[in-house]
Every structure is written in C-alpha cells, then in structure tokens.
$ cat start-v4.cif   # mmCIF, C-alpha atoms and all ligand atoms
data_upload
#
loop_
_atom_site.label_atom_id
_atom_site.label_comp_id
_atom_site.auth_asym_id
_atom_site.auth_seq_id
_atom_site.Cartn_x
_atom_site.Cartn_y
_atom_site.Cartn_z
CA MET A 202 -28.47 9.81 16.44
CA LYS A 203 -27.89 6.84 14.18
CA ALA A 204 -25.67 6.64 11.12
CA PRO A 205 -27.30 7.27 7.74
CA PRO A 206 -27.71 4.16 5.55
CA PHE A 207 -24.57 3.05 3.73
CA ALA A 208 -23.34 0.04 1.78
CA TYR A 209 -20.48 -1.99 3.22
CA ARG A 210 -17.67 -3.95 1.54
CA ARG A 211 -14.81 -5.71 3.27
CA ALA A 212 -11.69 -5.27 1.12
CA SER A 213 -9.81 -8.50 0.44
CA SER A 214 -6.50 -6.71 -0.22
CA VAL A 215 -5.09 -3.20 -0.54
CA ALA A 216 -5.44 -3.54 -4.32
CA ASP A 217 -9.11 -4.47 -3.85
CA ALA A 218 -9.64 -1.41 -1.60
CA CYS A 219 -8.06 0.82 -4.26
CA ALA A 220 -10.22 -0.72 -6.99
CA LEU A 221 -13.36 -0.18 -4.90
CA LEU A 222 -12.38 3.44 -4.21
CA ASP A 223 -11.86 3.97 -7.94
CA ALA A 224 -15.19 2.41 -8.85
CA HIS A 225 -17.17 4.49 -6.34
CA GLY A 226 -15.42 7.85 -6.62
CA GLY A 227 -16.03 10.38 -3.87
CA SER A 228 -19.02 8.50 -2.44
CA ALA A 229 -16.88 5.85 -0.70
CA ARG A 230 -14.81 6.08 2.47
CA ILE A 231 -12.15 3.83 3.93
CA LEU A 232 -13.03 2.33 7.33
CA ALA A 233 -9.98 1.50 9.51
CA GLY A 234 -10.42 1.53 13.31
CA GLY A 235 -13.68 3.45 12.99
CA GLN A 236 -12.90 5.56 16.08
CA SER A 237 -13.37 8.84 14.22
CA LEU A 238 -15.39 7.79 11.18
CA ILE A 239 -18.18 5.98 13.05
CA PRO A 240 -18.84 8.89 15.45
CA SER A 241 -18.87 11.27 12.48
CA LEU A 242 -21.46 9.04 10.74
CA ASN A 243 -23.56 8.87 13.89
CA LEU A 244 -23.49 12.65 14.12
CA ARG A 245 -24.34 12.82 10.39
CA LEU A 246 -21.24 14.90 9.75
CA SER A 247 -20.40 12.47 6.99
CA GLN A 248 -22.77 10.54 4.70
CA PRO A 249 -20.77 8.20 2.45
CA GLU A 250 -22.66 5.74 0.25
CA LEU A 251 -20.10 2.99 0.76
CA LEU A 252 -17.70 2.05 3.55
CA ILE A 253 -14.68 0.04 2.42
CA ASP A 254 -13.49 -1.89 5.46
CA ILE A 255 -9.71 -2.42 5.45
CA SER A 256 -9.52 -3.42 9.11
CA GLN A 257 -8.79 -7.10 8.37
CA LEU A 258 -5.87 -6.50 6.00
CA ALA A 259 -2.85 -8.00 7.75
CA GLU A 260 -0.57 -6.58 5.05
CA LEU A 261 -1.26 -3.10 6.48
CA ARG A 262 -0.41 -4.00 10.05
CA GLY A 263 2.83 -4.17 12.00
CA ILE A 264 6.09 -2.43 12.83
CA ARG A 265 9.43 -3.36 11.25
CA VAL A 266 12.85 -1.79 11.13
CA SER A 267 15.13 -1.56 8.08
CA ALA A 268 18.71 -0.25 7.98
CA THR A 269 17.46 3.33 7.69
CA GLU A 270 13.91 3.56 8.97
CA MET A 271 11.10 2.20 11.07
CA ILE A 272 8.12 1.27 8.93
CA ILE A 273 4.72 1.30 10.60
CA GLY A 274 1.76 -0.19 8.71
CA ALA A 275 -1.18 2.17 8.46
CA LEU A 276 -3.46 -0.24 10.35
CA THR A 277 -1.13 -0.48 13.32
CA ARG A 278 -3.20 0.47 16.36
CA HIS A 279 -2.23 3.15 18.84
CA ALA A 280 -2.05 0.39 21.47
CA ASP A 281 0.43 -1.61 19.35
CA ILE A 282 2.73 1.41 19.20
CA GLU A 283 2.30 2.06 22.91
CA ARG A 284 3.35 -1.53 23.71
CA SER A 285 6.04 -2.01 21.08
CA ALA A 286 9.47 -2.71 22.60
CA GLU A 287 11.02 -1.58 19.30
CA VAL A 288 9.29 1.80 19.44
CA ARG A 289 10.10 2.23 23.15
CA ALA A 290 13.79 1.49 22.52
CA ARG A 291 14.26 3.69 19.46
CA PHE A 292 11.58 6.38 19.81
CA PRO A 293 10.52 6.67 23.46
CA ALA A 294 8.76 9.97 22.74
CA LEU A 295 6.45 8.16 20.29
CA ALA A 296 5.68 5.46 22.86
CA ASP A 297 4.92 8.20 25.41
CA ALA A 298 2.65 9.97 22.93
CA ALA A 299 0.71 6.80 22.08
CA ARG A 300 -0.21 6.44 25.73
CA GLN A 301 -1.77 9.92 25.74
CA ILE A 302 -4.19 9.21 22.88
CA ALA A 303 -7.73 9.00 24.25
CA HIS A 304 -8.48 5.92 26.40
CA PRO A 305 -7.45 2.25 26.18
CA ALA A 306 -10.69 1.23 24.39
CA ILE A 307 -10.00 3.76 21.63
CA ARG A 308 -6.29 2.95 21.45
CA ASN A 309 -7.20 -0.71 21.01
CA ARG A 310 -9.06 0.06 17.77
CA GLY A 311 -7.81 3.39 16.44
CA THR A 312 -4.94 3.25 13.96
CA ILE A 313 -2.00 5.50 13.17
CA GLY A 314 -3.00 5.52 9.49
CA GLY A 315 -6.53 6.64 10.37
CA SER A 316 -5.14 9.44 12.50
CA ILE A 317 -2.74 10.61 9.77
CA ALA A 318 -5.41 10.39 7.04
CA LEU A 319 -7.93 12.26 9.17
CA ALA A 320 -5.44 15.03 10.07
CA ASP A 321 -7.24 16.23 13.18
CA PRO A 322 -5.29 19.36 14.22
CA ALA A 323 -5.40 18.23 17.87
CA ALA A 324 -4.09 14.71 17.20
CA GLU A 325 -0.67 13.48 18.29
CA TRP A 326 0.53 11.50 15.24
CA PRO A 327 0.40 14.26 12.61
CA ALA A 328 2.62 16.51 14.73
CA ALA A 329 4.93 13.59 15.53
CA ALA A 330 5.25 13.01 11.80
CA LEU A 331 6.48 16.58 11.31
CA ALA A 332 8.93 16.50 14.22
CA PHE A 333 10.44 13.16 13.20
CA ASP A 334 10.49 14.08 9.50
CA MET A 335 8.38 11.07 8.57
CA ARG A 336 7.20 10.09 5.08
CA PHE A 337 4.01 8.30 4.07
CA THR A 338 3.40 5.77 1.31
CA ALA A 339 0.06 6.04 -0.46
CA VAL A 340 -1.20 3.49 -2.99
CA SER A 341 -3.89 3.65 -5.64
CA THR A 342 -4.76 1.82 -8.85
CA GLN A 343 -2.22 4.16 -10.49
CA GLY A 344 0.70 2.90 -8.37
CA GLU A 345 2.31 4.21 -5.22
CA ARG A 346 3.97 7.41 -4.10
CA SER A 347 5.88 8.68 -1.11
CA ILE A 348 4.77 11.93 0.50
CA ALA A 349 6.80 13.89 3.06
CA ALA A 350 4.88 14.77 6.22
CA THR A 351 5.92 18.38 5.62
CA GLU A 352 3.91 18.29 2.35
CA PHE A 353 0.99 16.26 3.68
CA PHE A 354 -1.04 18.36 6.13
CA LYS A 355 -2.68 21.04 4.06
CA GLY A 356 -5.36 22.49 6.35
CA LEU A 357 -8.21 21.61 8.69
CA TYR A 358 -8.80 17.86 8.11
CA GLU A 359 -7.23 18.37 4.69
CA THR A 360 -4.30 16.31 3.41
CA ALA A 361 -2.34 15.64 0.25
CA LEU A 362 -4.02 12.22 -0.14
CA LEU A 363 -5.79 12.08 -3.49
CA PRO A 364 -9.22 10.54 -4.06
CA GLY A 365 -8.60 6.84 -4.69
CA GLU A 366 -5.47 6.66 -2.50
CA VAL A 367 -5.05 4.43 0.53
CA LEU A 368 -2.39 5.29 3.09
CA ARG A 369 -0.27 2.14 3.37
CA SER A 370 2.65 2.91 5.66
CA ILE A 371 4.41 5.48 7.78
CA HIS A 372 8.21 5.75 7.52
CA VAL A 373 10.25 7.11 10.42
CA PRO A 374 13.96 7.77 9.75
CA LEU A 375 16.11 6.03 12.37
CA PRO A 376 17.63 8.58 14.74
CA ALA A 377 21.32 9.46 14.61
CA ALA A 378 23.21 8.72 17.82
CA ALA A 379 23.05 12.35 18.95
CA GLN A 380 19.34 12.77 18.30
CA ARG A 381 17.09 13.40 21.26
CA ALA A 382 13.35 13.85 21.33
CA ALA A 383 10.79 15.00 23.84
CA PHE A 384 6.99 15.03 23.83
CA GLY A 385 4.49 16.83 26.02
CA GLU A 386 0.87 17.90 26.01
CA LEU A 387 -1.54 19.77 28.23
CA THR A 388 -5.07 18.46 28.67
CA ARG A 389 -8.03 19.33 30.87
CA ARG A 390 -8.49 15.67 31.86
CA SER A 391 -6.48 12.56 31.17
CA GLY A 392 -7.60 11.10 27.83
CA ASP A 393 -8.95 14.36 26.42
CA TYR A 394 -7.66 15.84 23.21
CA ALA A 395 -4.80 18.18 24.11
CA ILE A 396 -5.34 21.91 24.50
CA ALA A 397 -1.80 22.18 23.19
CA GLY A 398 0.91 19.64 22.54
CA ALA A 399 4.37 19.44 21.03
CA PHE A 400 7.23 17.23 19.96
CA VAL A 401 10.77 18.62 19.87
CA THR A 402 13.67 16.75 18.30
CA ALA A 403 17.29 17.88 17.97
CA SER A 404 20.78 16.51 17.76
CA VAL A 405 22.62 17.43 20.92
CA THR A 406 26.38 17.44 20.53
CA GLY A 407 28.61 18.69 23.32
CA GLY A 408 25.54 20.35 24.81
CA TRP A 409 24.69 22.27 21.61
CA LEU A 410 21.41 21.85 19.75
CA GLY A 411 21.34 21.34 15.99
CA GLY A 412 18.70 20.44 13.43
CA THR A 413 15.97 21.31 15.92
CA ARG A 414 12.40 20.46 14.90
CA ALA A 415 9.52 21.66 17.06
CA ALA A 416 6.06 20.53 15.95
CA PHE A 417 2.88 21.69 17.66
CA PHE A 418 -0.67 20.32 17.72
CA GLY A 419 -3.94 21.60 19.12
CA VAL A 420 -3.03 25.22 18.53
CA ALA A 421 -3.85 25.90 14.86
CA THR A 422 -5.95 24.46 12.03
CA ARG A 423 -3.22 21.93 11.28
CA PRO A 424 -0.08 20.58 12.91
CA LEU A 425 2.79 23.00 12.41
CA LEU A 426 6.55 23.19 12.60
CA ALA A 427 7.62 26.38 14.38
CA ALA A 428 10.28 27.30 11.84
CA ARG A 429 11.56 30.57 13.32
CA ALA A 430 11.63 29.18 16.85
CA MET A 431 13.59 26.18 15.58
CA ARG A 432 16.20 28.44 14.01
CA ALA A 433 16.48 30.42 17.25
CA LEU A 434 17.29 27.22 19.14
CA ASP A 435 19.83 25.84 16.68
CA GLY A 436 23.40 26.46 17.81
CA SER A 437 22.29 27.23 21.35
CA ALA A 438 22.61 25.21 24.52
CA GLY A 439 18.84 25.35 25.01
CA ASP A 440 19.45 27.90 27.78
CA ALA A 441 16.88 30.37 29.10
CA ALA A 442 17.91 33.14 26.69
CA ALA A 443 17.62 30.85 23.64
CA VAL A 444 14.26 29.55 24.79
CA ALA A 445 12.99 33.10 25.37
CA ALA A 446 14.13 34.05 21.86
CA ALA A 447 12.42 30.98 20.43
CA ARG A 448 9.19 31.65 22.36
CA ALA A 449 9.08 35.17 20.94
CA HIS A 450 8.68 33.64 17.47
CA LEU A 451 5.81 31.29 18.32
CA GLU A 452 3.01 33.76 17.57
CA ALA A 453 4.24 34.26 14.01
CA ASP A 454 5.10 30.58 13.56
CA LEU A 455 1.83 29.14 14.83
CA ASP A 456 -0.77 31.90 14.43
CA PRO A 457 -2.81 30.11 17.14
CA ILE A 458 -6.60 30.00 17.08
CA ALA A 459 -9.01 29.86 20.00
CA ASP A 460 -11.13 26.79 20.66
CA LEU A 461 -14.37 26.58 22.65
CA TYR A 462 -12.60 26.93 25.99
CA ASN A 463 -9.21 28.50 25.35
CA SER A 464 -8.34 31.85 23.84
CA ARG A 465 -5.63 32.45 21.27
CA ALA A 466 -3.51 34.01 24.05
CA THR A 467 -3.90 30.88 26.22
CA LYS A 468 -2.90 28.63 23.35
CA LEU A 469 0.15 30.75 22.64
CA HIS A 470 1.14 30.79 26.30
CA LEU A 471 0.77 27.02 26.61
CA ALA A 472 2.76 26.43 23.43
CA GLY A 473 5.56 28.52 24.96
CA VAL A 474 5.39 26.62 28.25
CA LEU A 475 5.65 23.32 26.38
CA LEU A 476 8.55 24.53 24.26
CA ALA A 477 10.48 25.59 27.38
CA ARG A 478 9.79 22.28 29.15
CA LEU A 479 10.71 20.11 26.19
CA VAL A 480 13.87 22.00 25.30
CA ALA A 481 14.98 21.81 28.95
CA ARG A 482 14.49 18.04 28.78
CA LEU A 483 16.48 17.74 25.56
CA ALA A 484 19.31 19.94 26.77
CA ALA A 485 19.64 18.29 30.19
CA PRO A 486 22.87 16.31 30.59
CA GLY A 487 22.04 12.73 29.67
CA GLY A 488 18.57 13.87 28.55
C1 LIG B 1 -13.60 9.92 22.60
C2 LIG B 1 -12.44 9.97 21.62
C3 LIG B 1 -11.27 10.57 22.02
C4 LIG B 1 -10.19 10.64 21.13
N1 LIG B 1 -9.04 11.24 21.55
C5 LIG B 1 -7.99 11.31 20.72
C6 LIG B 1 -6.76 11.92 21.10
O1 LIG B 1 -6.60 12.39 22.24
N2 LIG B 1 -5.77 11.99 20.18
C7 LIG B 1 -5.91 11.49 18.92
O2 LIG B 1 -4.98 11.58 18.11
N3 LIG B 1 -7.05 10.89 18.53
C8 LIG B 1 -8.08 10.79 19.38
N4 LIG B 1 -9.24 10.18 18.96
C9 LIG B 1 -9.30 9.69 17.57
C10 LIG B 1 -8.74 8.25 17.47
O3 LIG B 1 -7.35 8.26 17.74
C11 LIG B 1 -8.94 7.66 16.06
O4 LIG B 1 -8.62 6.30 16.21
C12 LIG B 1 -8.11 8.16 14.93
O5 LIG B 1 -8.17 9.54 14.80
C13 LIG B 1 -8.60 7.59 13.59
O6 LIG B 1 -8.15 6.30 13.43
P1 LIG B 1 -9.15 5.13 13.00
O7 LIG B 1 -8.29 3.96 12.66
O8 LIG B 1 -10.17 4.92 14.04
O9 LIG B 1 -9.77 5.72 11.63
P2 LIG B 1 -11.25 5.73 11.10
O10 LIG B 1 -12.16 6.36 12.08
O11 LIG B 1 -11.63 4.39 10.59
O12 LIG B 1 -11.02 6.70 9.84
C14 LIG B 1 -10.74 8.07 10.03
C15 LIG B 1 -10.60 8.74 8.65
O13 LIG B 1 -9.40 8.32 8.01
C16 LIG B 1 -9.68 7.65 6.78
N5 LIG B 1 -8.74 6.52 6.73
C17 LIG B 1 -8.49 5.64 7.74
N6 LIG B 1 -7.48 4.82 7.40
C18 LIG B 1 -7.09 5.19 6.15
C19 LIG B 1 -6.08 4.71 5.27
N7 LIG B 1 -5.24 3.72 5.62
N8 LIG B 1 -5.95 5.32 4.06
C20 LIG B 1 -6.77 6.35 3.72
N9 LIG B 1 -7.73 6.84 4.52
C21 LIG B 1 -7.89 6.27 5.72
C22 LIG B 1 -11.14 7.25 6.88
O14 LIG B 1 -11.75 7.14 5.59
C23 LIG B 1 -11.73 8.38 7.68
O15 LIG B 1 -11.96 9.49 6.86
C24 LIG B 1 -10.31 10.09 19.83
C25 LIG B 1 -11.49 9.46 19.43
C26 LIG B 1 -12.55 9.40 20.32
C27 LIG B 1 -13.82 8.71 19.86
#
$ encode --input "start-v4.cif" --output "structure tokens" --more "lines below"
Ligand SMILES: Cc1cc2nc3c(=O)[nH]c(=O)nc-3n(C[C@H](O)[C@H](O)[C@H](O)COP(=O)(O)OP(=O)(O)OC[C@H]3O[C@@H](n4cnc5c(N)ncnc54)[C@H](O)[C@@H]3O)c2cc1C
Amino acid sequence: MKAPPFAYRRASSVADACALLDAHGGSARILAGGQSLIPSLNLRLSQPELLIDISQLAELRGIRVSATEMIIGALTRHADIERSAEVRARFPALADAARQIAHPAIRNRGTIGGSIALADPAAEWPAAALAFDMRFTAVSTQGERSIAATEFFKGLYETALLPGEVLRSIHVPLPAAAQRAAFGELTRRSGDYAIAGAFVTASVTGGWLGGTRAAFFGVATRPLLAARAMRALDGSAGDAAAVAAARAHLEADLDPIADLYNSRATKLHLAGVLLARLVARLAAPGG
C-alpha cells in the first residue's frame, strides 16, 4: 500500500516546528527518522494532513555531558548511541541496548526521540528511561517543560506530550560510583522486537543492593517499573531467595498481556527469567 496524500514542510528550527504544529492542530505530525511513522502511513494506520520534517535540525542532535547528567538530543540516532564512546563508558547497558534495536539500516535513521514519543510498549528506550530515571524536555510555542519518564508513558502509544509539543532532549542522571546496570531481552530472531526485555539498575555497596529499579518492556501495554519486585530486592545481596521473592511479585507488578505468539504466562515466565539473569549480573563481584 502507498501512503495517503499529505503536505510536507521542512522545519527551519525547533521554534518553526512548534509554530507549524500550533497552526495545524491535530492534523500535523512530526517526522524524525521516519522508521515508524512512514510504515504507519504506508499501512494507512495514520493519515496526517501535514508532515513537519525535523530531521535536518542540528540543534536536536548530539550527546553531551554536564556535571550532573548526560543530555541526548531527540534526533540522536540509535546508531549514534550505539557508537558513542561517552555512552559506552558511562552507560554500557544503554550502548548494549542500542545494538539490539532492529537492524543497522533502521538504527541509522531511527531516533531516540522518535522512540520515546511513539512509546511502543516493546521498544527499548522507554523502559531504559524508567530504569535510569530519565527526564525529557518538551518545547512548544508556550515555552518548555521537563517531564519525568515515570510520568510520561501513559498507555499504549500514549504519552504525556501535549498537542503542539516537540520532544527536544533526553536527560540521563550520571550514575553514582556504586551504581550498576544490566540490560537483557529475549527475541525470536536477532533484530526482532523483544518478546520481553528489561533493564535493572541498583547501587551495589558491600554486595548489598539499594535503590533497585527494574523496568520491563514487551510485556504490557506500556513500559513498567516492577515496584514490588524492586522493593523485594532492596537490602538483599541479589541471592536466589531474594530473586524468588521478587519474581513472585512480577504478575501483580506487570499484569502481562499476550501477544500474537506468546501467552500471558510465557511473558510472565520470561520476565522472571530476565530479572534473575540481570540481578545475578548486577550482584556478581565486580559486576
Ligand atoms: C522493521 C522494524 C523493526 C524495528 N524494531 C525495533 C526494535 O526492535 N526496537 C525499537 O525500539 N524500535 C524498533 N523499530 C522502530 C524504530 O526504532 C524507530 O526508529 C523508532 O521507534 C521511531 O523513531 P523515528 O525517529 O524513526 O521516528 P518517526 O518514525 O519519525 O516518528 C515516530 C513518532 O514519533 C513522533 N515524533 C518523532 N520525533 C518526535 C519529537 N522529537 N517530538 C515529538 N514527536 C516526535 C512522530 O510524530 C511519530 O508519531 C523498528 C522499526 C522497524 C521498521
């Protein structure tokens, strides 16, 4: 199938994109890497009257580090994150995750901002944002605001972004010395969306876990923090008993849903397998 007819404007700046969004209301859509939007147009799942192309806006691209956070421009491509020495050094789990997103051709065009704004429940970045306690900056003609990842993902492809807002940047707090992080996902074939995936972060001091955050994707209608499981792990050494206690909470935490190929029970089982693997990695001496 071919895309329905639409008008096209290339934004000259973020302010221009915001002004265009304002002028065209709900009938306009932002075009970033186009790796999700263009297929959805071709399948006629989406029929916007106007595409506002932000893909050439250098001000939205790049990775920089301040005293307290890493700031990733919304147009930064998955491939840029995968190859960034800065990301690899400070957040190896994010570099690992970038490499698992689709295939090189898609990673060379798809952007982290597009992934966050789309909020696909099976995507890596939204769950990473929860596990690493990220914040997002959104801009509109009204100004800018900062939104915590924990407040952002509202439901299936539903976010806290308001009509007229452009996602400008993603803010990742720099890890404390004791912080460790692990990422894993289970797929049918390399490059597929994950059947289930997770990020776990925790501070590990003297072998004890604290401030544990376990975020899952591919199991529910949105990425989720497993709050009860996290509490069960805090104060433990990530040993088998603590992991078993945490796994027992996953059904209530995640309320998994089946997809076309995997039942709710399979999703729950795989989430538990991932949690055990990732906690073991975090808790390992020198892990
Ligand atoms: C075959 C295939 C396999 C894939 N596998 C995976 C996978 O395993 N994991 C994964 O995470 N993703 C996967 N993707 C999706 C891919 O990562 C997309 O690149 C990503 O989801 C969207 O980024 P984009 O820059 O292409 O956004 P676009 O497609 O341009 O836009 C997506 C949506 O976000 C909105 N948007 C984009 N940028 C902004 C912004 N800055 N502010 C406000 N709204 C914005 C658009 O209006 C649109 O609604 C796959 C895609 C394909 C085609």
$ closest_atom_pairs --input "start-v4.cif" --of "segment 241-286 of chain A" --to "segment 293-317 of chain A" --cutoff "10 Å" --atoms "only C-alpha atoms" --output "JSON lines"
{"residue": "A:Ser256", "atom": "CA", "partner": "A:Arg310", "partner_atom": "CA", "distance": 9.3}
{"residue": "A:Leu261", "atom": "CA", "partner": "A:Gly314", "partner_atom": "CA", "distance": 9.3}
{"residue": "A:Arg262", "atom": "CA", "partner": "A:Thr312", "partner_atom": "CA", "distance": 9.4}
{"residue": "A:Ile273", "atom": "CA", "partner": "A:Ile313", "partner_atom": "CA", "distance": 8.3}
{"residue": "A:Gly274", "atom": "CA", "partner": "A:Gly314", "partner_atom": "CA", "distance": 7.5}
{"residue": "A:Ala275", "atom": "CA", "partner": "A:Gly314", "partner_atom": "CA", "distance": 3.9}
{"residue": "A:Leu276", "atom": "CA", "partner": "A:Thr312", "partner_atom": "CA", "distance": 5.2}
{"residue": "A:Thr277", "atom": "CA", "partner": "A:Thr312", "partner_atom": "CA", "distance": 5.4}
{"residue": "A:Arg278", "atom": "CA", "partner": "A:Thr312", "partner_atom": "CA", "distance": 4.1}
{"residue": "A:His279", "atom": "CA", "partner": "A:Arg308", "partner_atom": "CA", "distance": 4.8}
{"residue": "A:Ala280", "atom": "CA", "partner": "A:Arg308", "partner_atom": "CA", "distance": 5.0}
{"residue": "A:Asp281", "atom": "CA", "partner": "A:Asn309", "partner_atom": "CA", "distance": 7.9}
{"residue": "A:Ile282", "atom": "CA", "partner": "A:Ala296", "partner_atom": "CA", "distance": 6.2}
{"residue": "A:Glu283", "atom": "CA", "partner": "A:Ala296", "partner_atom": "CA", "distance": 4.8}
{"residue": "A:Arg284", "atom": "CA", "partner": "A:Ala296", "partner_atom": "CA", "distance": 7.4}
{"residue": "A:Ser285", "atom": "CA", "partner": "A:Ala296", "partner_atom": "CA", "distance": 7.7}
{"residue": "A:Ala286", "atom": "CA", "partner": "A:Ala296", "partner_atom": "CA", "distance": 9.0}
$ write_last_selection --input "start-v4.cif" --atoms "C-alpha atoms" --output "compact mmCIF listing (two decimals), in the frame of the given file"
# COMPACT_ATOMS: atom_id res chain seq x y z
CA SER A 256 -9.52 -3.42 9.11
CA LEU A 261 -1.26 -3.10 6.48
CA ARG A 262 -0.41 -4.00 10.05
CA ILE A 273 4.72 1.30 10.60
CA GLY A 274 1.76 -0.19 8.71
CA ALA A 275 -1.18 2.17 8.46
CA LEU A 276 -3.46 -0.24 10.35
CA THR A 277 -1.13 -0.48 13.32
CA ARG A 278 -3.20 0.47 16.36
CA HIS A 279 -2.23 3.15 18.84
CA ALA A 280 -2.05 0.39 21.47
CA ASP A 281 0.43 -1.61 19.35
CA ILE A 282 2.73 1.41 19.20
CA GLU A 283 2.30 2.06 22.91
CA ARG A 284 3.35 -1.53 23.71
CA SER A 285 6.04 -2.01 21.08
CA ALA A 286 9.47 -2.71 22.60
$ residues_near_ligand --input "start-v4.cif" --ligand "ligand LIG 1 (chain B)" --cutoff "6 Å" --atoms "all atoms listed in the file" --output "PyMOL selection string"
chain A and resi 230-238+275+302-303+311-312+314-316+318-319+324-325+367-369+392-394
$ residues_around --input "start-v4.cif" --residues "Leu221 of chain A" --least-positions-apart "5" --cutoff "9 Å" --atoms "all atoms listed in the file" --output "PyMOL selection string"
chain A and resi 210+212+216+226+229+253+365
$ residues_near_point --input "start-v4.cif" --point "(4.9, 12.2, 5.1)" --cutoff "6 Å" --atoms "all atoms listed in the file" --output "PyMOL selection string"
chain A and resi 335-337+348-350+353
$ residues_around --input "start-v4.cif" --residues "Val420 of chain A" --least-positions-apart "4" --cutoff "8 Å" --atoms "all atoms listed in the file" --output "number ranges by chain"
A: 322-323, 396-398, 424, 455, 457-459, 468-469, 472
$ atom_distance --input "start-v4.cif" --atom1 "atom CA of Pro240 of chain A" --atom2 "atom CA of Leu461 of chain A"
19.6 Å
$ atom_distance --input "start-v4.cif" --atom1 "atom CA of Asp460 of chain A" --atom2 "atom CA of Phe417 of chain A"
15.2 Å
$ closest_residue --input "start-v4.cif" --among "A:Val340, A:Ala382, A:Ile264, A:Leu475" --to "Ser214 of chain A" --atoms "all atoms listed in the file"
A:Val340
$ closest_residue --input "start-v4.cif" --among "A:Ala421, A:Val215, A:Val444, A:Ala433" --to "Ser464 of chain A" --atoms "all atoms listed in the file"
A:Ala421
$ atom_distance --input "start-v4.cif" --atom1 "atom CA of Met202 of chain A" --atom2 "atom CA of Arg245 of chain A"
7.9 Å
$ residues_around --input "start-v4.cif" --residues "Leu246 of chain A" --least-positions-apart "2" --cutoff "12 Å" --atoms "all atoms listed in the file" --output "list in words"
Met202, Lys203, Ala204, Pro205, Ser237, Leu238, Ile239, Pro240, Ser241, Leu242, Asn243, Leu244, Gln248 and Pro249 of chain A
$ closest_residue --input "start-v4.cif" --among "A:Arg390, A:Arg291, A:Arg448, A:Arg346" --to "Leu476 of chain A" --atoms "all atoms listed in the file"
A:Arg448
$ closest_residue --input "start-v4.cif" --among "A:Phe333, A:Leu362, A:Glu386, A:Ser391" --to "Gly412 of chain A" --atoms "only C-alpha atoms"
A:Phe333
$ closest_residue --input "start-v4.cif" --among "A:Ser347, A:Ser213, A:Ser370, A:Thr360" --to "Gln257 of chain A" --atoms "only C-alpha atoms"
A:Ser213
$ residues_around --input "start-v4.cif" --residues "Thr402 of chain A" --least-positions-apart "3" --cutoff "9 Å" --atoms "all atoms listed in the file" --output "PDB file with C-alpha atoms, in the frame of the given file"
ATOM      1  CA  ALA A 332       8.930  16.500  14.220  1.00  0.00           C
ATOM      2  CA  PHE A 333      10.440  13.160  13.200  1.00  0.00           C
ATOM      3  CA  GLN A 380      19.340  12.770  18.300  1.00  0.00           C
ATOM      4  CA  ARG A 381      17.090  13.400  21.260  1.00  0.00           C
ATOM      5  CA  ALA A 382      13.350  13.850  21.330  1.00  0.00           C
ATOM      6  CA  ALA A 383      10.790  15.000  23.840  1.00  0.00           C
ATOM      7  CA  PHE A 384       6.990  15.030  23.830  1.00  0.00           C
ATOM      8  CA  GLY A 412      18.700  20.440  13.430  1.00  0.00           C
ATOM      9  CA  THR A 413      15.970  21.310  15.920  1.00  0.00           C
ATOM     10  CA  ARG A 414      12.400  20.460  14.900  1.00  0.00           C
ATOM     11  CA  ALA A 415       9.520  21.660  17.060  1.00  0.00           C
ATOM     12  CA  ALA A 416       6.060  20.530  15.950  1.00  0.00           C
ATOM     13  CA  VAL A 480      13.870  22.000  25.300  1.00  0.00           C
ATOM     14  CA  LEU A 483      16.480  17.740  25.560  1.00  0.00           C
TER      15      LEU A 483
END
$ closest_residue --input "start-v4.cif" --among "A:Leu434, A:Ala395, A:Ala379, A:Ala208" --to "Tyr462 of chain A" --atoms "all atoms listed in the file"
A:Ala395
$ build_atoms --input "start-v4.cif" --residues "segment 239-252 of chain A" --atoms "N, CA and C atoms" --output "compact mmCIF listing (two decimals), in the coordinates of the input"
# COMPACT_ATOMS: atom_id res chain seq x y z
N ILE A 239 -16.85 6.41 12.58
CA ILE A 239 -18.18 5.98 13.05
C ILE A 239 -18.88 7.09 13.84
N PRO A 240 -18.17 7.76 14.79
CA PRO A 240 -18.84 8.89 15.45
C PRO A 240 -19.28 9.96 14.46
N SER A 241 -18.48 10.20 13.42
CA SER A 241 -18.87 11.27 12.48
C SER A 241 -20.09 10.84 11.66
N LEU A 242 -20.24 9.51 11.41
CA LEU A 242 -21.46 9.04 10.74
C LEU A 242 -22.66 9.19 11.68
N ASN A 243 -22.45 8.80 12.93
CA ASN A 243 -23.56 8.87 13.89
C ASN A 243 -24.04 10.30 14.10
N LEU A 244 -23.11 11.24 13.98
CA LEU A 244 -23.49 12.65 14.12
C LEU A 244 -23.94 13.24 12.79
N ARG A 245 -23.95 12.41 11.76
CA ARG A 245 -24.34 12.82 10.39
C ARG A 245 -23.45 13.93 9.86
N LEU A 246 -22.19 13.95 10.31
CA LEU A 246 -21.24 14.90 9.75
C LEU A 246 -20.70 14.39 8.42
N SER A 247 -20.92 13.11 8.19
CA SER A 247 -20.40 12.47 6.99
C SER A 247 -21.46 11.48 6.51
N GLN A 248 -21.72 11.42 5.20
CA GLN A 248 -22.77 10.54 4.70
C GLN A 248 -22.29 9.77 3.47
N PRO A 249 -21.26 8.95 3.62
CA PRO A 249 -20.77 8.20 2.45
C PRO A 249 -21.78 7.13 2.02
N GLU A 250 -21.75 6.80 0.73
CA GLU A 250 -22.66 5.74 0.25
C GLU A 250 -22.10 4.36 0.53
N LEU A 251 -20.76 4.30 0.58
CA LEU A 251 -20.10 2.99 0.76
C LEU A 251 -18.95 3.10 1.75
N LEU A 252 -18.88 2.17 2.68
CA LEU A 252 -17.70 2.05 3.55
C LEU A 252 -16.87 0.87 3.06
